[in-house]
Amino acid sequence: MSQDIVDLQIDATILDPLDAAITQMENSLSGLISLTPDQRRGLMKMGEKSEAFCRAALHVAQQHSGIMARDFDIEAFQRDQQTLDLLRPRILRIAHLHQRITDTEMALGSDLMIASLEVYGVLKVAGKGKGLDDARRNLGARWRVGSQARETDEPSAGGGNG
């Protein structure tokens, strides 16, 4: 193989404990919610600059609870801040792990595509007359587009989109 970005073997014996750990995370965080795209767009967002504002507002509300409306739930305000503070380090760790998994998935896919193109290239050159025409046509079918299908279809330079 001319490309081997990642050389990772996952032993099947780790899959059950890995799945159990993921299940434990899901169960431990069962209170997490899912928002629709419309809900996401409609929410007021707290950015980095707004976080200091929110912390200061919480402090003021705690110090001067008497001026707040009766139905203003300071305890819920405090719980939200505490929960965010507890989740943030875990969010960062999970996000970093997710990025590594996604990058590894992309690299594995790229390695597979490069190796597959090498196999296809060999079939096209060295496979002629050796009873491999069906295998070459089957692999070549990946590059055919609708009615433009030809037996000589070629992958585009740069690897294509899919």
# chains A, B, ... in the order shown; residues from 1 in each chain; ligands from 1
$ residues_around --residues "Glu105 of chain A" --least-positions-apart "5" --cutoff "12 Å" --atoms "only C-alpha atoms" --output "mmCIF file with C-alpha atoms, in the first residue's frame"
data_model
loop_
_atom_site.group_PDB
_atom_site.id
_atom_site.type_symbol
_atom_site.label_atom_id
_atom_site.label_comp_id
_atom_site.auth_asym_id
_atom_site.auth_seq_id
_atom_site.Cartn_x
_atom_site.Cartn_y
_atom_site.Cartn_z
ATOM 1 C CA ILE A 5 -1.892 7.054 7.557
ATOM 2 C CA VAL A 6 -3.216 4.977 10.422
ATOM 3 C CA ASP A 7 -2.292 1.452 11.420
ATOM 4 C CA LEU A 8 -4.726 0.604 14.174
ATOM 5 C CA HIS A 98 -14.700 12.519 19.087
ATOM 6 C CA GLN A 99 -12.306 14.509 16.890
ATOM 7 C CA ARG A 100 -9.645 11.784 17.166
ATOM 8 C CA SER A 110 -8.538 7.295 2.786
ATOM 9 C CA ASP A 111 -6.155 4.365 3.280
ATOM 10 C CA LEU A 112 -8.882 2.016 2.015
#
$ atom_distance --atom1 "atom CA of Leu32 of chain A" --atom2 "atom CA of Gln62 of chain A"
26.2 Å
$ residues_around --residues "Met68 of chain A" --least-positions-apart "6" --cutoff "12 Å" --atoms "only C-alpha atoms" --output "list in words"
Ala57, Leu58, Val60, Ala61, Gln62 and Ile74 of chain A
$ closest_residue --among "A:Ile114, A:Thr102, A:Gln78, A:Leu86" --to "Ala56 of chain A" --atoms "only C-alpha atoms"
A:Gln78
$ atom_distance --atom1 "atom CA of Arg40 of chain A" --atom2 "atom CA of Arg70 of chain A"
28.9 Å
$ closest_residue --among "A:Leu29, A:Gln3, A:Tyr120, A:Cys54" --to "Ile91 of chain A" --atoms "only C-alpha atoms"
A:Leu29
$ atom_distance --atom1 "atom CA of Arg136 of chain A" --atom2 "atom CA of Gly109 of chain A"
20.8 Å
$ closest_residue --among "A:Arg142, A:Asp85, A:Ile94, A:Gln39" --to "Ile22 of chain A" --atoms "only C-alpha atoms"
A:Ile94
$ decode --residues "segment 1-122 of chain A" --atoms "C-alpha atoms" --output "PDB file, in the first residue's frame"
ATOM      1  CA  MET A   1       0.000   0.000   0.000  1.00  0.00           C
ATOM      2  CA  SER A   2       1.351   3.392  -0.909  1.00  0.00           C
ATOM      3  CA  GLN A   3      -0.545   5.128   1.915  1.00  0.00           C
ATOM      4  CA  ASP A   4      -0.921   4.008   5.506  1.00  0.00           C
ATOM      5  CA  ILE A   5      -1.892   7.054   7.557  1.00  0.00           C
ATOM      6  CA  VAL A   6      -3.216   4.977  10.422  1.00  0.00           C
ATOM      7  CA  ASP A   7      -2.292   1.452  11.420  1.00  0.00           C
ATOM      8  CA  LEU A   8      -4.726   0.604  14.174  1.00  0.00           C
ATOM      9  CA  GLN A   9      -6.042  -2.764  15.167  1.00  0.00           C
ATOM     10  CA  ILE A  10      -8.947  -2.927  17.546  1.00  0.00           C
ATOM     11  CA  ASP A  11      -8.988  -6.196  19.420  1.00  0.00           C
ATOM     12  CA  ALA A  12     -12.515  -7.593  19.625  1.00  0.00           C
ATOM     13  CA  THR A  13     -12.022  -8.166  23.362  1.00  0.00           C
ATOM     14  CA  ILE A  14     -12.188  -4.403  24.007  1.00  0.00           C
ATOM     15  CA  LEU A  15     -15.510  -3.920  22.222  1.00  0.00           C
ATOM     16  CA  ASP A  16     -17.743  -5.195  25.042  1.00  0.00           C
ATOM     17  CA  PRO A  17     -16.038  -3.023  27.704  1.00  0.00           C
ATOM     18  CA  LEU A  18     -16.034  -0.066  25.280  1.00  0.00           C
ATOM     19  CA  ASP A  19     -19.739  -0.478  24.570  1.00  0.00           C
ATOM     20  CA  ALA A  20     -20.396  -0.840  28.311  1.00  0.00           C
ATOM     21  CA  ALA A  21     -18.508   2.393  28.984  1.00  0.00           C
ATOM     22  CA  ILE A  22     -20.502   4.222  26.301  1.00  0.00           C
ATOM     23  CA  THR A  23     -23.734   2.826  27.756  1.00  0.00           C
ATOM     24  CA  GLN A  24     -22.616   3.967  31.221  1.00  0.00           C
ATOM     25  CA  MET A  25     -22.005   7.476  29.874  1.00  0.00           C
ATOM     26  CA  GLU A  26     -25.406   7.516  28.196  1.00  0.00           C
ATOM     27  CA  ASN A  27     -27.096   6.294  31.389  1.00  0.00           C
ATOM     28  CA  SER A  28     -25.150   8.698  33.603  1.00  0.00           C
ATOM     29  CA  LEU A  29     -26.156  11.597  31.366  1.00  0.00           C
ATOM     30  CA  SER A  30     -29.744  10.518  30.753  1.00  0.00           C
ATOM     31  CA  GLY A  31     -30.909  14.073  31.500  1.00  0.00           C
ATOM     32  CA  LEU A  32     -29.209  15.429  28.381  1.00  0.00           C
ATOM     33  CA  ILE A  33     -31.592  16.799  25.789  1.00  0.00           C
ATOM     34  CA  SER A  34     -31.702  16.976  22.007  1.00  0.00           C
ATOM     35  CA  LEU A  35     -32.720  20.184  20.272  1.00  0.00           C
ATOM     36  CA  THR A  36     -34.179  20.479  16.811  1.00  0.00           C
ATOM     37  CA  PRO A  37     -32.386  22.744  14.336  1.00  0.00           C
ATOM     38  CA  ASP A  38     -35.197  25.284  14.728  1.00  0.00           C
ATOM     39  CA  GLN A  39     -34.824  25.210  18.510  1.00  0.00           C
ATOM     40  CA  ARG A  40     -31.057  25.728  18.184  1.00  0.00           C
ATOM     41  CA  ARG A  41     -31.566  28.711  15.896  1.00  0.00           C
ATOM     42  CA  GLY A  42     -34.159  30.230  18.230  1.00  0.00           C
ATOM     43  CA  LEU A  43     -32.145  30.032  21.443  1.00  0.00           C
ATOM     44  CA  MET A  44     -30.256  32.942  22.944  1.00  0.00           C
ATOM     45  CA  LYS A  45     -26.623  31.799  22.939  1.00  0.00           C
ATOM     46  CA  MET A  46     -24.069  32.384  25.671  1.00  0.00           C
ATOM     47  CA  GLY A  47     -20.676  33.054  24.124  1.00  0.00           C
ATOM     48  CA  GLU A  48     -17.348  33.512  25.868  1.00  0.00           C
ATOM     49  CA  LYS A  49     -17.939  37.231  26.518  1.00  0.00           C
ATOM     50  CA  SER A  50     -21.448  36.566  27.812  1.00  0.00           C
ATOM     51  CA  GLU A  51     -20.266  34.004  30.321  1.00  0.00           C
ATOM     52  CA  ALA A  52     -18.758  36.656  32.615  1.00  0.00           C
ATOM     53  CA  PHE A  53     -22.026  38.578  32.384  1.00  0.00           C
ATOM     54  CA  CYS A  54     -24.016  35.485  33.400  1.00  0.00           C
ATOM     55  CA  ARG A  55     -21.708  34.739  36.339  1.00  0.00           C
ATOM     56  CA  ALA A  56     -21.955  38.353  37.527  1.00  0.00           C
ATOM     57  CA  ALA A  57     -25.759  38.284  37.165  1.00  0.00           C
ATOM     58  CA  LEU A  58     -25.930  35.091  39.226  1.00  0.00           C
ATOM     59  CA  HIS A  59     -23.804  36.708  41.931  1.00  0.00           C
ATOM     60  CA  VAL A  60     -26.037  39.812  41.983  1.00  0.00           C
ATOM     61  CA  ALA A  61     -29.203  37.682  42.102  1.00  0.00           C
ATOM     62  CA  GLN A  62     -27.773  35.671  45.009  1.00  0.00           C
ATOM     63  CA  GLN A  63     -26.704  38.785  46.933  1.00  0.00           C
ATOM     64  CA  HIS A  64     -29.934  40.687  46.294  1.00  0.00           C
ATOM     65  CA  SER A  65     -32.587  38.015  46.076  1.00  0.00           C
ATOM     66  CA  GLY A  66     -35.126  40.378  47.661  1.00  0.00           C
ATOM     67  CA  ILE A  67     -35.315  42.549  44.556  1.00  0.00           C
ATOM     68  CA  MET A  68     -35.972  39.632  42.240  1.00  0.00           C
ATOM     69  CA  ALA A  69     -39.506  38.723  41.131  1.00  0.00           C
ATOM     70  CA  ARG A  70     -41.142  36.030  43.265  1.00  0.00           C
ATOM     71  CA  ASP A  71     -41.250  33.561  40.403  1.00  0.00           C
ATOM     72  CA  PHE A  72     -37.548  34.027  39.561  1.00  0.00           C
ATOM     73  CA  ASP A  73     -35.908  30.728  40.482  1.00  0.00           C
ATOM     74  CA  ILE A  74     -32.439  31.585  41.810  1.00  0.00           C
ATOM     75  CA  GLU A  75     -31.839  27.952  42.745  1.00  0.00           C
ATOM     76  CA  ALA A  76     -32.486  26.848  39.147  1.00  0.00           C
ATOM     77  CA  PHE A  77     -30.131  29.627  37.984  1.00  0.00           C
ATOM     78  CA  GLN A  78     -27.448  28.308  40.367  1.00  0.00           C
ATOM     79  CA  ARG A  79     -28.044  24.678  39.294  1.00  0.00           C
ATOM     80  CA  ASP A  80     -27.669  25.612  35.635  1.00  0.00           C
ATOM     81  CA  GLN A  81     -24.345  27.338  36.328  1.00  0.00           C
ATOM     82  CA  GLN A  82     -23.074  24.461  38.483  1.00  0.00           C
ATOM     83  CA  THR A  83     -24.116  21.879  35.906  1.00  0.00           C
ATOM     84  CA  LEU A  84     -22.421  23.803  33.115  1.00  0.00           C
ATOM     85  CA  ASP A  85     -19.253  24.085  35.208  1.00  0.00           C
ATOM     86  CA  LEU A  86     -19.288  20.343  35.880  1.00  0.00           C
ATOM     87  CA  LEU A  87     -20.020  19.374  32.269  1.00  0.00           C
ATOM     88  CA  ARG A  88     -17.509  21.653  30.532  1.00  0.00           C
ATOM     89  CA  PRO A  89     -14.318  19.667  31.281  1.00  0.00           C
ATOM     90  CA  ARG A  90     -16.072  16.465  30.235  1.00  0.00           C
ATOM     91  CA  ILE A  91     -17.421  18.107  27.076  1.00  0.00           C
ATOM     92  CA  LEU A  92     -13.869  19.083  26.137  1.00  0.00           C
ATOM     93  CA  ARG A  93     -12.550  15.568  26.746  1.00  0.00           C
ATOM     94  CA  ILE A  94     -15.384  13.958  24.793  1.00  0.00           C
ATOM     95  CA  ALA A  95     -15.018  16.512  21.973  1.00  0.00           C
ATOM     96  CA  HIS A  96     -11.287  15.765  21.760  1.00  0.00           C
ATOM     97  CA  LEU A  97     -11.980  12.017  21.698  1.00  0.00           C
ATOM     98  CA  HIS A  98     -14.700  12.519  19.087  1.00  0.00           C
ATOM     99  CA  GLN A  99     -12.306  14.509  16.890  1.00  0.00           C
ATOM    100  CA  ARG A 100      -9.645  11.784  17.166  1.00  0.00           C
ATOM    101  CA  ILE A 101     -12.206   9.094  16.310  1.00  0.00           C
ATOM    102  CA  THR A 102     -13.477  11.122  13.343  1.00  0.00           C
ATOM    103  CA  ASP A 103      -9.935  11.823  12.114  1.00  0.00           C
ATOM    104  CA  THR A 104      -9.062   8.135  12.447  1.00  0.00           C
ATOM    105  CA  GLU A 105     -12.224   7.185  10.546  1.00  0.00           C
ATOM    106  CA  MET A 106     -11.295   9.612   7.765  1.00  0.00           C
ATOM    107  CA  ALA A 107      -7.707   8.338   7.598  1.00  0.00           C
ATOM    108  CA  LEU A 108      -8.865   4.702   7.516  1.00  0.00           C
ATOM    109  CA  GLY A 109     -11.295   5.533   4.709  1.00  0.00           C
ATOM    110  CA  SER A 110      -8.538   7.295   2.786  1.00  0.00           C
ATOM    111  CA  ASP A 111      -6.155   4.365   3.280  1.00  0.00           C
ATOM    112  CA  LEU A 112      -8.882   2.016   2.015  1.00  0.00           C
ATOM    113  CA  MET A 113      -9.638   4.174  -1.028  1.00  0.00           C
ATOM    114  CA  ILE A 114      -5.941   4.462  -1.993  1.00  0.00           C
ATOM    115  CA  ALA A 115      -5.411   0.705  -1.602  1.00  0.00           C
ATOM    116  CA  SER A 116      -8.599  -0.031  -3.566  1.00  0.00           C
ATOM    117  CA  LEU A 117      -7.505   2.272  -6.387  1.00  0.00           C
ATOM    118  CA  GLU A 118      -4.166   0.468  -6.469  1.00  0.00           C
ATOM    119  CA  VAL A 119      -5.979  -2.882  -6.787  1.00  0.00           C
ATOM    120  CA  TYR A 120      -8.218  -1.465  -9.521  1.00  0.00           C
ATOM    121  CA  GLY A 121      -5.207  -0.016 -11.349  1.00  0.00           C
ATOM    122  CA  VAL A 122      -3.416  -3.365 -11.271  1.00  0.00           C
TER     123      VAL A 122
END
